[in-house]
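Novice: Hey, dropping input14.tsv in here, TSV, C-alpha atoms and all ligand atoms:
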chain	number	residue	atom	x	y	z
B	19	MET	CA	0.00	0.00	0.00
B	20	THR	CA	1.29	3.44	-0.89
B	21	SER	CA	-0.25	6.75	0.02
B	22	THR	CA	1.68	8.97	-2.44
B	23	PRO	CA	-0.98	11.35	-3.71
B	24	LEU	CA	-1.78	11.67	-7.40
B	25	ARG	CA	-1.36	15.40	-7.97
B	26	VAL	CA	-4.01	16.90	-10.24
B	27	GLY	CA	-3.52	20.02	-12.39
B	28	LEU	CA	-6.93	21.44	-13.29
B	29	LEU	CA	-7.22	23.60	-16.42
B	30	GLY	CA	-10.47	25.61	-16.16
B	31	ALA	CA	-12.78	26.23	-13.22
B	32	GLY	CA	-16.07	27.07	-14.91
B	33	THR	CA	-19.35	25.12	-14.78
B	34	VAL	CA	-17.65	21.71	-14.70
B	35	GLY	CA	-14.18	22.62	-13.39
B	36	ARG	CA	-15.45	24.26	-10.24
B	37	GLU	CA	-17.45	21.11	-9.35
B	38	VAL	CA	-14.35	18.98	-9.88
B	39	ALA	CA	-12.27	21.38	-7.76
B	40	ARG	CA	-14.90	21.33	-5.03
B	41	ALA	CA	-14.97	17.52	-4.95
B	42	LEU	CA	-11.17	17.20	-4.90
B	43	LEU	CA	-10.85	19.77	-2.12
B	44	ALA	CA	-13.64	18.30	0.00
B	45	ARG	CA	-13.22	14.59	-0.75
B	46	GLY	CA	-9.76	14.13	-2.29
B	47	ALA	CA	-8.63	11.77	0.43
B	48	GLU	CA	-11.80	9.70	0.02
B	49	LEU	CA	-11.38	9.47	-3.76
B	50	THR	CA	-8.59	6.97	-3.52
B	51	ALA	CA	-7.25	4.64	-6.15
B	52	ALA	CA	-7.05	0.89	-5.61
B	53	ASP	CA	-3.57	1.29	-4.11
B	54	GLY	CA	-4.86	3.86	-1.64
B	55	SER	CA	-3.39	6.97	-3.29
B	56	PRO	CA	-5.50	10.03	-2.57
B	57	LEU	CA	-6.20	12.56	-5.33
B	58	GLU	CA	-4.73	15.95	-4.48
B	59	LEU	CA	-5.58	19.19	-6.26
B	60	ALA	CA	-2.17	20.73	-7.03
B	61	GLY	CA	-3.17	23.76	-9.12
B	62	ILE	CA	-6.02	25.42	-11.01
B	63	ALA	CA	-5.52	27.45	-14.20
B	64	VAL	CA	-8.11	30.07	-15.15
B	65	ARG	CA	-8.04	33.24	-17.24
B	66	ASP	CA	-9.20	35.57	-14.47
B	67	VAL	CA	-7.50	34.63	-11.18
B	68	GLU	CA	-9.21	37.38	-9.17
B	69	ARG	CA	-12.68	36.29	-10.27
B	70	ALA	CA	-11.90	32.66	-9.37
B	71	ARG	CA	-10.57	33.71	-5.96
B	72	ALA	CA	-13.71	35.79	-5.35
B	73	ALA	CA	-15.77	32.71	-6.27
B	74	GLY	CA	-14.16	30.85	-3.36
B	75	LEU	CA	-11.34	28.89	-5.02
B	76	PRO	CA	-8.13	28.80	-2.93
B	77	GLY	CA	-5.82	31.63	-4.02
B	78	ASP	CA	-2.64	29.62	-3.44
B	79	LEU	CA	-3.70	27.06	-6.10
B	80	LEU	CA	-4.73	29.56	-8.79
B	81	THR	CA	-2.65	30.55	-11.82
B	82	ASP	CA	-3.31	32.12	-15.19
B	83	ALA	CA	-0.53	30.07	-16.79
B	84	PRO	CA	-1.98	26.69	-17.82
B	85	ALA	CA	1.18	25.66	-19.74
B	86	HIS	CA	3.21	25.99	-16.54
B	87	LEU	CA	0.80	23.75	-14.69
B	88	VAL	CA	1.08	21.16	-17.48
B	89	ALA	CA	4.90	21.30	-17.42
B	90	SER	CA	5.21	21.51	-13.62
B	91	ALA	CA	7.03	18.77	-11.74
B	92	ASP	CA	4.25	19.14	-9.15
B	93	THR	CA	1.47	17.67	-11.35
B	94	ASP	CA	1.05	14.01	-12.30
B	95	VAL	CA	-2.24	14.21	-14.18
B	96	ILE	CA	-4.01	17.02	-16.06
B	97	VAL	CA	-7.77	17.65	-16.20
B	98	GLU	CA	-8.67	19.88	-19.14
B	99	LEU	CA	-12.01	21.68	-18.63
B	100	MET	CA	-11.37	24.93	-20.51
B	101	GLY	CA	-13.17	23.91	-23.68
B	102	GLY	CA	-12.62	25.13	-27.25
B	103	ASP	CA	-9.85	24.34	-29.72
B	104	GLU	CA	-6.65	26.15	-28.74
B	105	PRO	CA	-4.93	26.26	-26.31
B	106	ALA	CA	-6.73	23.08	-25.13
B	107	ARG	CA	-5.36	20.94	-27.97
B	108	THR	CA	-1.73	22.00	-27.44
B	109	LEU	CA	-1.96	21.65	-23.65
B	110	ILE	CA	-3.45	18.14	-23.85
B	111	ALA	CA	-0.78	17.06	-26.35
B	112	ALA	CA	2.00	18.55	-24.17
B	113	ALA	CA	0.74	16.78	-21.05
B	114	LEU	CA	0.52	13.43	-22.87
B	115	ASP	CA	3.94	13.98	-24.42
B	116	ALA	CA	5.33	14.48	-20.92
B	117	GLY	CA	3.84	11.10	-19.94
B	118	LYS	CA	1.04	12.62	-17.83
B	119	GLY	CA	-2.46	11.17	-17.90
B	120	VAL	CA	-5.14	13.54	-19.20
B	121	VAL	CA	-8.87	13.70	-18.45
B	122	THR	CA	-10.96	15.98	-20.65
B	123	ALA	CA	-14.64	16.74	-21.29
B	124	ASN	CA	-13.76	18.64	-24.47
B	125	LYS	CA	-15.78	17.06	-27.29
B	126	HIS	CA	-14.67	19.68	-29.79
B	127	VAL	CA	-10.98	18.92	-29.34
B	128	LEU	CA	-11.54	15.16	-29.42
B	129	ALA	CA	-13.77	15.22	-32.51
B	130	HIS	CA	-11.42	17.52	-34.43
B	131	HIS	CA	-8.03	16.30	-33.19
B	132	GLY	CA	-8.79	12.88	-31.71
B	133	GLU	CA	-6.70	10.94	-34.19
B	134	GLU	CA	-3.63	13.10	-33.49
B	135	LEU	CA	-4.15	13.01	-29.71
B	136	GLU	CA	-4.67	9.24	-29.71
B	137	ALA	CA	-1.38	8.86	-31.60
B	138	VAL	CA	0.43	11.11	-29.09
B	139	ALA	CA	-1.04	9.21	-26.12
B	140	ARG	CA	-0.08	5.83	-27.58
B	141	ARG	CA	3.43	6.98	-28.45
B	142	ALA	CA	3.98	8.45	-24.98
B	143	GLY	CA	2.30	5.54	-23.18
B	144	ALA	CA	0.05	8.06	-21.37
B	145	ALA	CA	-3.66	7.66	-20.63
B	146	LEU	CA	-6.25	9.90	-22.30
B	147	ARG	CA	-9.75	9.62	-20.83
B	148	PHE	CA	-12.86	11.48	-21.99
B	149	GLU	CA	-16.02	9.86	-20.60
B	150	ALA	CA	-17.52	13.30	-19.82
B	151	SER	CA	-17.33	14.39	-23.47
B	152	VAL	CA	-20.46	12.43	-24.45
B	153	GLY	CA	-23.61	12.25	-22.36
B	154	GLY	CA	-22.26	14.30	-19.42
B	155	GLY	CA	-22.74	12.08	-16.39
B	156	ILE	CA	-23.89	9.01	-18.34
B	157	PRO	CA	-21.27	6.25	-18.52
B	158	VAL	CA	-21.38	5.15	-22.16
B	159	LEU	CA	-17.86	5.31	-23.62
B	160	GLY	CA	-16.39	3.02	-20.96
B	161	PRO	CA	-19.00	0.29	-21.53
B	162	LEU	CA	-18.52	0.57	-25.33
B	163	ALA	CA	-14.78	-0.02	-24.91
B	164	THR	CA	-14.95	-2.67	-22.23
B	165	GLU	CA	-18.11	-4.62	-21.35
B	166	LEU	CA	-19.45	-4.45	-24.93
B	167	ALA	CA	-16.08	-5.12	-26.58
B	168	GLY	CA	-17.08	-8.68	-27.50
B	169	ASN	CA	-19.87	-7.45	-29.78
B	170	ARG	CA	-20.03	-6.40	-33.40
B	171	ILE	CA	-21.74	-3.04	-33.17
B	172	SER	CA	-24.06	-2.11	-36.03
B	173	ALA	CA	-25.33	1.29	-34.84
B	174	VAL	CA	-24.99	3.88	-32.10
B	175	ARG	CA	-27.71	6.49	-31.91
B	176	GLY	CA	-28.83	9.03	-29.40
B	177	ILE	CA	-30.30	12.25	-28.18
B	178	VAL	CA	-27.01	13.80	-27.11
B	179	ASN	CA	-27.66	17.54	-27.01
B	180	GLY	CA	-29.74	18.88	-24.12
B	181	THR	CA	-30.24	22.37	-25.56
B	182	THR	CA	-31.92	21.21	-28.75
B	183	ASN	CA	-33.93	18.58	-26.86
B	184	TYR	CA	-35.15	21.28	-24.47
B	185	ILE	CA	-36.19	23.50	-27.42
B	186	LEU	CA	-37.94	20.68	-29.31
B	187	THR	CA	-39.69	19.50	-26.13
B	188	ALA	CA	-40.97	23.01	-25.39
B	189	MET	CA	-42.12	23.45	-29.01
B	190	THR	CA	-44.00	20.13	-28.76
B	191	ASP	CA	-45.55	20.63	-25.32
B	192	ALA	CA	-46.59	24.25	-25.73
B	193	GLY	CA	-47.10	24.42	-29.51
B	194	ARG	CA	-44.69	27.37	-29.65
B	195	ASP	CA	-42.40	28.75	-32.34
B	196	TYR	CA	-38.72	27.88	-32.58
B	197	GLY	CA	-37.61	31.53	-32.23
B	198	ASP	CA	-39.67	32.15	-29.06
B	199	VAL	CA	-38.48	28.98	-27.36
B	200	LEU	CA	-34.85	29.63	-28.31
B	201	ALA	CA	-35.01	33.14	-26.79
B	202	GLU	CA	-36.54	31.70	-23.61
B	203	ALA	CA	-33.89	28.95	-23.44
B	204	GLN	CA	-31.16	31.60	-23.77
B	205	ALA	CA	-32.71	33.65	-20.94
B	206	ALA	CA	-32.93	30.52	-18.74
B	207	GLY	CA	-29.29	29.56	-19.41
B	208	TYR	CA	-30.17	26.40	-21.38
B	209	ALA	CA	-28.86	27.90	-24.63
B	210	GLU	CA	-25.76	30.00	-25.22
B	211	ALA	CA	-25.78	33.59	-26.52
B	212	ASP	CA	-24.41	32.16	-29.78
B	213	PRO	CA	-26.51	28.99	-30.01
B	214	SER	CA	-25.20	27.83	-33.41
B	215	GLY	CA	-22.99	25.06	-31.98
B	216	ASP	CA	-26.08	23.41	-30.50
B	217	VAL	CA	-28.96	24.28	-32.86
B	218	GLU	CA	-26.99	23.66	-36.08
B	219	GLY	CA	-25.96	20.25	-34.77
B	220	HIS	CA	-22.18	20.76	-34.38
B	221	ASP	CA	-22.11	19.70	-30.71
B	222	ALA	CA	-24.01	16.50	-31.53
B	223	VAL	CA	-21.69	15.90	-34.51
B	224	ASN	CA	-18.68	16.06	-32.16
B	225	LYS	CA	-20.31	13.55	-29.83
B	226	VAL	CA	-21.22	11.10	-32.59
B	227	VAL	CA	-17.62	11.26	-33.88
B	228	ILE	CA	-16.43	10.23	-30.38
B	229	LEU	CA	-19.06	7.48	-30.09
B	230	ALA	CA	-18.02	6.14	-33.51
B	231	ARG	CA	-14.38	5.99	-32.39
B	232	LEU	CA	-15.30	3.62	-29.57
B	233	ALA	CA	-17.95	1.69	-31.49
B	234	PHE	CA	-16.21	1.29	-34.85
B	235	GLY	CA	-12.49	2.04	-34.33
B	236	VAL	CA	-12.38	5.01	-36.67
B	237	TRP	CA	-12.11	8.77	-36.19
B	238	LEU	CA	-14.65	10.24	-38.61
B	239	ALA	CA	-14.11	13.78	-39.91
B	240	PRO	CA	-16.78	16.05	-38.35
B	241	ALA	CA	-17.31	17.64	-41.78
B	242	ASP	CA	-18.37	14.23	-43.14
B	243	VAL	CA	-21.30	13.97	-40.70
B	244	THR	CA	-24.53	15.06	-42.39
B	245	THR	CA	-26.49	17.76	-40.57
B	246	ILE	CA	-28.85	18.83	-43.35
B	247	GLY	CA	-31.68	16.45	-44.24
B	248	THR	CA	-33.13	16.08	-47.72
B	249	ASP	CA	-36.59	15.21	-46.45
B	250	GLY	CA	-38.34	15.05	-43.07
B	251	PRO	CA	-38.68	17.81	-40.47
B	252	GLY	CA	-36.48	20.86	-41.03
B	253	ALA	CA	-35.12	19.51	-44.34
B	254	GLY	CA	-32.70	21.84	-46.13
B	255	SER	CA	-31.47	23.60	-42.95
B	256	PRO	CA	-28.76	22.51	-40.52
B	257	GLY	CA	-29.69	20.85	-37.22
B	258	ILE	CA	-33.03	22.00	-35.82
B	259	THR	CA	-32.88	25.50	-37.36
B	260	GLY	CA	-35.46	24.65	-40.01
B	261	VAL	CA	-37.91	22.80	-37.74
B	262	GLY	CA	-41.15	24.79	-37.59
B	263	SER	CA	-44.40	24.47	-35.70
B	264	ALA	CA	-45.94	22.91	-38.83
B	265	ASP	CA	-43.38	20.05	-38.64
B	266	ILE	CA	-44.18	19.52	-34.96
B	267	ALA	CA	-47.95	19.56	-35.62
B	268	ALA	CA	-47.67	17.16	-38.59
B	269	ALA	CA	-45.64	14.75	-36.47
B	270	ALA	CA	-48.11	15.00	-33.55
B	271	ALA	CA	-51.02	14.16	-35.87
B	272	ALA	CA	-49.26	10.87	-36.63
B	273	GLY	CA	-48.42	10.11	-32.97
B	274	LEU	CA	-44.82	11.21	-33.45
B	275	VAL	CA	-42.48	13.77	-31.89
B	276	VAL	CA	-39.47	15.44	-33.49
B	277	LYS	CA	-36.08	14.73	-31.88
B	278	LEU	CA	-32.53	15.58	-32.96
B	279	ILE	CA	-31.06	12.11	-33.43
B	280	ALA	CA	-27.32	11.60	-33.84
B	281	GLU	CA	-26.44	8.27	-35.43
B	282	ALA	CA	-23.38	6.40	-36.64
B	283	ARG	CA	-23.85	3.03	-38.27
B	284	ARG	CA	-22.23	0.40	-40.46
B	285	ASP	CA	-23.22	0.60	-44.10
B	286	ASP	CA	-21.50	-2.43	-45.62
B	287	GLU	CA	-17.94	-1.82	-44.42
B	288	ALA	CA	-18.23	2.00	-44.36
B	289	ILE	CA	-19.28	3.97	-41.29
B	290	VAL	CA	-21.86	6.65	-42.01
B	291	ALA	CA	-23.05	9.26	-39.55
B	292	ALA	CA	-25.72	11.93	-39.44
B	293	VAL	CA	-27.32	14.37	-37.00
B	294	LEU	CA	-30.87	15.05	-38.17
B	295	PRO	CA	-34.25	16.09	-36.79
B	296	THR	CA	-36.22	12.85	-36.88
B	297	ALA	CA	-39.88	12.04	-36.14
B	298	VAL	CA	-40.04	9.14	-33.65
B	299	PRO	CA	-43.05	7.52	-31.95
B	300	ALA	CA	-44.14	9.74	-29.03
B	301	GLU	CA	-44.41	6.67	-26.79
B	302	SER	CA	-40.97	5.26	-27.65
B	303	ALA	CA	-38.04	5.63	-25.27
B	304	PHE	CA	-36.54	8.35	-27.49
B	305	GLY	CA	-39.97	10.03	-27.73
B	306	ARG	CA	-40.20	10.15	-23.94
B	307	THR	CA	-36.67	11.55	-23.49
B	308	ALA	CA	-37.63	15.13	-22.64
B	309	GLY	CA	-35.91	18.38	-21.72
B	310	VAL	CA	-32.20	18.23	-21.01
B	311	LEU	CA	-32.00	14.44	-20.61
B	312	ASN	CA	-29.82	12.41	-22.96
B	313	ARG	CA	-30.33	8.84	-24.21
B	314	ILE	CA	-27.93	6.68	-26.19
B	315	GLU	CA	-28.81	3.30	-27.73
B	316	ILE	CA	-26.30	0.77	-29.00
B	317	GLU	CA	-27.30	-1.99	-31.41
B	318	ALA	CA	-24.89	-4.87	-31.30
B	319	ASP	CA	-24.52	-8.57	-31.91
B	320	PRO	CA	-24.92	-10.71	-29.81
B	321	VAL	CA	-26.23	-8.41	-27.04
B	322	GLY	CA	-29.09	-6.81	-28.99
B	323	THR	CA	-30.01	-3.24	-28.07
B	324	VAL	CA	-28.73	-1.65	-24.89
B	325	ALA	CA	-29.53	1.88	-23.79
B	326	PHE	CA	-28.06	4.47	-21.48
B	327	SER	CA	-29.99	7.50	-20.25
B	328	GLY	CA	-29.55	10.23	-17.69
B	329	PRO	CA	-28.28	13.76	-17.13
B	330	GLY	CA	-26.34	14.75	-20.25
B	331	ALA	CA	-24.94	18.03	-18.95
B	332	GLY	CA	-24.56	20.31	-15.94
B	333	GLY	CA	-21.59	20.79	-13.65
B	334	PRO	CA	-22.35	18.21	-10.97
B	335	ALA	CA	-23.38	15.40	-13.36
B	336	THR	CA	-20.46	16.01	-15.69
B	337	SER	CA	-18.01	16.15	-12.76
B	338	SER	CA	-19.08	12.58	-11.93
B	339	ALA	CA	-17.62	11.34	-15.22
B	340	VAL	CA	-14.46	13.44	-14.80
B	341	LEU	CA	-13.85	12.13	-11.28
B	342	GLY	CA	-14.48	8.55	-12.44
B	343	ASP	CA	-11.85	9.01	-15.14
B	344	LEU	CA	-9.37	10.42	-12.62
B	345	ILE	CA	-9.87	7.41	-10.36
B	346	ALA	CA	-9.45	5.12	-13.39
B	347	ILE	CA	-6.10	6.76	-14.18
B	348	ALA	CA	-5.06	6.48	-10.54
B	349	ARG	CA	-5.90	2.77	-10.75
B	350	GLY	CA	-3.78	2.37	-13.88
B	351	LEU	CA	-6.71	1.48	-16.13
B	352	GLY	CA	-5.31	3.38	-19.12
B	353	SER	CA	-7.22	5.32	-21.77
B	354	THR	CA	-10.95	5.35	-22.48
B	355	TRP	CA	-10.31	3.06	-25.46
B	356	ALA	CA	-8.75	0.62	-22.96
B	357	GLY	CA	-7.53	-2.49	-24.75
B	358	LEU	CA	-9.19	-1.69	-28.10
B	359	PRO	CA	-6.84	-1.64	-31.10
B	360	PRO	CA	-5.62	1.77	-32.31
B	361	ALA	CA	-8.13	3.67	-34.45
B	362	ARG	CA	-7.34	3.69	-38.14
B	363	GLY	CA	-4.62	6.33	-38.58
B	364	ALA	CA	-3.76	6.64	-34.86
B	365	ARG	CA	-0.94	4.09	-34.66
B	401	LIG	N1	-21.16	22.56	-18.96
B	401	LIG	C1	-21.54	21.31	-19.19
B	401	LIG	O1	-22.63	20.89	-18.80
B	401	LIG	C2	-20.64	20.36	-19.94
B	401	LIG	C3	-21.04	19.02	-20.14
B	401	LIG	C4	-20.19	18.13	-20.80
B	401	LIG	C5	-18.97	18.59	-21.28
B	401	LIG	N2	-18.62	19.92	-21.11
B	401	LIG	C6	-17.32	20.36	-21.62
B	401	LIG	O2	-16.50	20.69	-20.52
B	401	LIG	C7	-15.61	21.75	-20.89
B	401	LIG	C8	-15.77	22.90	-19.90
B	401	LIG	O3	-17.10	23.39	-19.99
B	401	LIG	P1	-17.68	24.47	-18.96
B	401	LIG	O4	-19.13	24.55	-19.24
B	401	LIG	O5	-17.21	24.14	-17.60
B	401	LIG	O6	-16.93	25.80	-19.49
B	401	LIG	P2	-16.90	27.24	-18.81
B	401	LIG	O7	-17.93	27.38	-17.76
B	401	LIG	O8	-16.86	28.23	-19.93
B	401	LIG	O9	-15.47	27.29	-18.06
B	401	LIG	C9	-14.25	27.37	-18.75
B	401	LIG	C10	-13.12	27.61	-17.74
B	401	LIG	O10	-11.89	27.53	-18.45
B	401	LIG	C11	-11.13	28.72	-18.19
B	401	LIG	N3	-10.39	29.03	-19.43
B	401	LIG	C12	-10.86	29.11	-20.69
B	401	LIG	N4	-9.89	29.40	-21.55
B	401	LIG	C13	-8.76	29.54	-20.81
B	401	LIG	C14	-7.42	29.85	-21.13
B	401	LIG	N5	-7.02	30.11	-22.37
B	401	LIG	N6	-6.50	29.88	-20.10
B	401	LIG	C15	-6.89	29.64	-18.83
B	401	LIG	N7	-8.16	29.32	-18.48
B	401	LIG	C16	-9.08	29.29	-19.45
B	401	LIG	C17	-12.14	29.78	-17.84
B	401	LIG	O11	-11.50	30.78	-17.06
B	401	LIG	P3	-12.21	32.22	-16.82
B	401	LIG	O12	-13.50	31.94	-16.09
B	401	LIG	O13	-11.23	32.96	-15.95
B	401	LIG	O14	-12.44	32.82	-18.17
B	401	LIG	C18	-13.15	28.95	-17.04
B	401	LIG	O15	-12.68	28.80	-15.72
B	401	LIG	C19	-15.94	22.10	-22.34
B	401	LIG	O16	-15.09	21.39	-23.19
B	401	LIG	C20	-17.37	21.59	-22.50
B	401	LIG	O17	-17.69	21.26	-23.82
B	401	LIG	C21	-19.42	20.79	-20.44
Just dump the structure as structure tokens.
Specialist:
Amino acid sequence: MTSTPLRVGLLGAGTVGREVARALLARGAELTAADGSPLELAGIAVRDVERARAAGLPGDLLTDAPAHLVASADTDVIVELMGGDEPARTLIAAALDAGKGVVTANKHVLAHHGEELEAVARRAGAALRFEASVGGGIPVLGPLATELAGNRISAVRGIVNGTTNYILTAMTDAGRDYGDVLAEAQAAGYAEADPSGDVEGHDAVNKVVILARLAFGVWLAPADVTTIGTDGPGAGSPGITGVGSADIAAAAAAGLVVKLIAEARRDDEAIVAAVLPTAVPAESAFGRTAGVLNRIEIEADPVGTVAFSGPGAGGPATSSAVLGDLIAIARGLGSTWAGLPPARGAR
């Protein structure tokens, strides 16, 4: 038994990061690995140190220099919760290159640079874990890579974006217009000031790219995932931006509801993926997935269909997946892809 702590460098203390910081500060000693090592918060990088201090984070741990935290001899593992492309991509690669494990919730970076980061992690022999990047608090990537690894997967599909599901649910329940509901969702904090990443389907595209990596062993290019339908609700416009009250009413008349469904599936030996507004039976499990909940179904042989549902976003739920990944690294369980072969191109 050793009690050497695993020292965590946290990059970002926003919605998710501050929940992770809170848990590590309050329960770090409890969150022990199999060998008894406690997790210890060694530093927190933010842009605005004064604001973070005023929000209650310990001043002695705060820095505005994330690259220093990554390079520091005082951190063993890096948790990236800043979001966005750069500097997240460079910081993750640098940490892996230095042999440090990395936990991230950053679906954008993984979907756009996953192949490169997987190659860096494999070359350096460092763990890269990203359970929180799809489905927030729902464990789905781990089961795909481990308990379901003996299956041939034919399709992965899901409602993976809470903002669009909230908007579509409100349009359905209250018979209201897309524009009205979007404005209300922005006021309530369910949609961002620039909602395009959600409503045009890009966030769901990123998540389906990550799901496809675990299900099919390939990093798809986000640009190859269809977001504009040729028929069906909202056809001709990206994501849910073209879905009108007439689409919702027509679906309701047939006992259907419109949902933004992200899907990746085998088509002969190719993997095809799309994120499209889709009319599904109102009484089906997808039809009943309302508001900000997520649901992901996996079709596989021999298991059949298995489903995962739960809170797909929010600081506390998402921190659950991040903390689980940290404990997995502390236990030496390796990357999210575990023992799966390298993705095509990531050797
Ligand atoms: N929110 C969710 O429910 C959720 C769910 C699943 C996955 N995720 C993913 O988790 C990640 C974090 O999301 P979030 O909602 O927690 O974001 P957020 O609230 O915007 O917080 C981002 C944090 O990163 C810091 N930061 C950003 N750029 C930085 C830079 N260049 N240098 C130093 N610090 C920087 C910010 O510092 P300042 O505050 O000082 O600017 C802030 O503390 C994203 O990749 C997101 O996609 C989020």
Novice: Counting all atoms listed in the file, which residue out of B:Arg306, B:Lys125, B:Arg36, B:Lys277 sits closest to His220 (chain B)?
Specialist: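 Among the listed residues, B:Lys125 lies closest to His220 (chain B).
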Novice: Quick one: residues within 6 Å of ligand LIG 401 (chain B), with all atoms listed in the file, as a ChimeraX atom specification?
Specialist: /B:30-35,63-66,82,84,99-101,105,123-125,150-151,154,331-333,336
Novice: Go ahead and compute the interatomic distance for CA of Leu341 (chain B) and CA of Lys118 (chain B), in Å to one decimal.
Specialist: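 One can read the CA of Leu341 (chain B) to CA of Lys118 (chain B) distance as 16.3 Å.
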Novice: In Å, with one decimal, what is the gap from CA of Leu87 (chain B) to CA of Ile62 (chain B)?
Specialist: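 Interatomic distance here is 7.9 Å.
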Novice: Fewer than 6 positions away in the same chain doesn't count, so skip those; otherwise give me all residues within 10 Å of region 128-140 of chain B, counting all atoms listed in the file, as number ranges by chain.
Specialist: B: 103, 107-108, 110-120, 122, 146, 148, 151, 221, 223-229, 231, 236-241, 353, 355, 360-365
Novice: For a quick check of understanding, using all atoms listed in the file, which of B:Gly252, B:Gly342, B:Gly27, B:Gly207 has the smallest distance to Pro157 (chain B)?
Specialist: B:Gly342
Novice: What is the distance between CA of Gly155 (chain B) and CA of Ala280 (chain B), in Å to one decimal?
Specialist: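 Separation of CA of Gly155 (chain B) and CA of Ala280 (chain B): 18.0 Å.
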Novice: Go through B:Val67, B:Ala348, B:Ala356, B:Ile246 one by one, measure the shortest atom-to-atom distance of each to Thr50 (chain B) using all atoms listed in the file, and give the residue with the smallest value.
Specialist: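 Of B:Val67, B:Ala348, B:Ala356, B:Ile246, the one nearest Thr50 (chain B), counting all atoms listed in the file, is B:Ala348.
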Novice: Report as a list of chain:residue names all protein, DNA and RNA residues lying within 10 Å of Val293 (chain B), evaluated on only C-alpha atoms, omitting residues in the same chain fewer than 5 positions from it.
Specialist: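 So, after excluding close chain neighbours, the residues are B:Arg175, B:Gly176, B:Ile177, B:Val178, B:Glu218, B:Gly219, B:His220, B:Asp221, B:Ala222, B:Val223, B:Val226, B:Val243, B:Thr244, B:Thr245, B:Ile246, B:Gly247, B:Pro256, B:Gly257, B:Ile258, B:Leu278, B:Ile279, B:Ala280, B:Glu281, B:Ala282.
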Novice: Check the smallest atom-to-atom distance from each of B:Ala318, B:Met189, B:Ala205, B:Ala303 to Ser263 (chain B) using only C-alpha atoms, then report the winner.
Specialist: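 Between B:Ala318, B:Met189, B:Ala205, B:Ala303, the residue approaching Ser263 (chain B) most closely is B:Met189.
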Novice: For Arg284 (chain B), which of B:Phe234, B:Tyr196, B:Tyr208, B:Tyr184 is the closest residue, counting all atoms listed in the file?
Specialist: B:Phe234
Novice: Of the residues B:Ala325, B:Ala253, B:Gly61, B:Ala91, which is the one nearest to Gly77 (chain B), using all atoms listed in the file?
Specialist: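 Of B:Ala325, B:Ala253, B:Gly61, B:Ala91, the one nearest Gly77 (chain B), counting all atoms listed in the file, is B:Gly61.
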Novice: Which residues come within 10 Å of Ala270 (chain B), counting all atoms listed in the file, excluding same-chain residues fewer than 3 positions away, as a list in words?
Specialist: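 Counting all atoms listed in the file, the residues come to Thr190, Ala264, Asp265, Ile266, Ala267, Gly273, Leu274, Val275, Val276, Ala297, Val298, Pro299 and Ala300 of chain B.
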Novice: List the spatial neighbours of Ile156 (chain B) as an MDAnalysis selection string - criterion: any atom at most 9 Å away, only C-alpha atoms, same-chain residues fewer than 2 positions off excluded.
Specialist: chainID B and resid 149:150 152:154 158:159 312:313 326:330 335:336 338:339
Novice: Those residues you just picked out, can you put them in a file as a PDB file, in the frame of the given file with C-alpha atoms?
Specialist:
ATOM      1  CA  GLU B 149     -16.020   9.860 -20.600  1.00  0.00           C
ATOM      2  CA  ALA B 150     -17.520  13.300 -19.820  1.00  0.00           C
ATOM      3  CA  VAL B 152     -20.460  12.430 -24.450  1.00  0.00           C
ATOM      4  CA  GLY B 153     -23.610  12.250 -22.360  1.00  0.00           C
ATOM      5  CA  GLY B 154     -22.260  14.300 -19.420  1.00  0.00           C
ATOM      6  CA  VAL B 158     -21.380   5.150 -22.160  1.00  0.00           C
ATOM      7  CA  LEU B 159     -17.860   5.310 -23.620  1.00  0.00           C
ATOM      8  CA  ASN B 312     -29.820  12.410 -22.960  1.00  0.00           C
ATOM      9  CA  ARG B 313     -30.330   8.840 -24.210  1.00  0.00           C
ATOM     10  CA  PHE B 326     -28.060   4.470 -21.480  1.00  0.00           C
ATOM     11  CA  SER B 327     -29.990   7.500 -20.250  1.00  0.00           C
ATOM     12  CA  GLY B 328     -29.550  10.230 -17.690  1.00  0.00           C
ATOM     13  CA  PRO B 329     -28.280  13.760 -17.130  1.00  0.00           C
ATOM     14  CA  GLY B 330     -26.340  14.750 -20.250  1.00  0.00           C
ATOM     15  CA  ALA B 335     -23.380  15.400 -13.360  1.00  0.00           C
ATOM     16  CA  THR B 336     -20.460  16.010 -15.690  1.00  0.00           C
ATOM     17  CA  SER B 338     -19.080  12.580 -11.930  1.00  0.00           C
ATOM     18  CA  ALA B 339     -17.620  11.340 -15.220  1.00  0.00           C
TER      19      ALA B 339
END
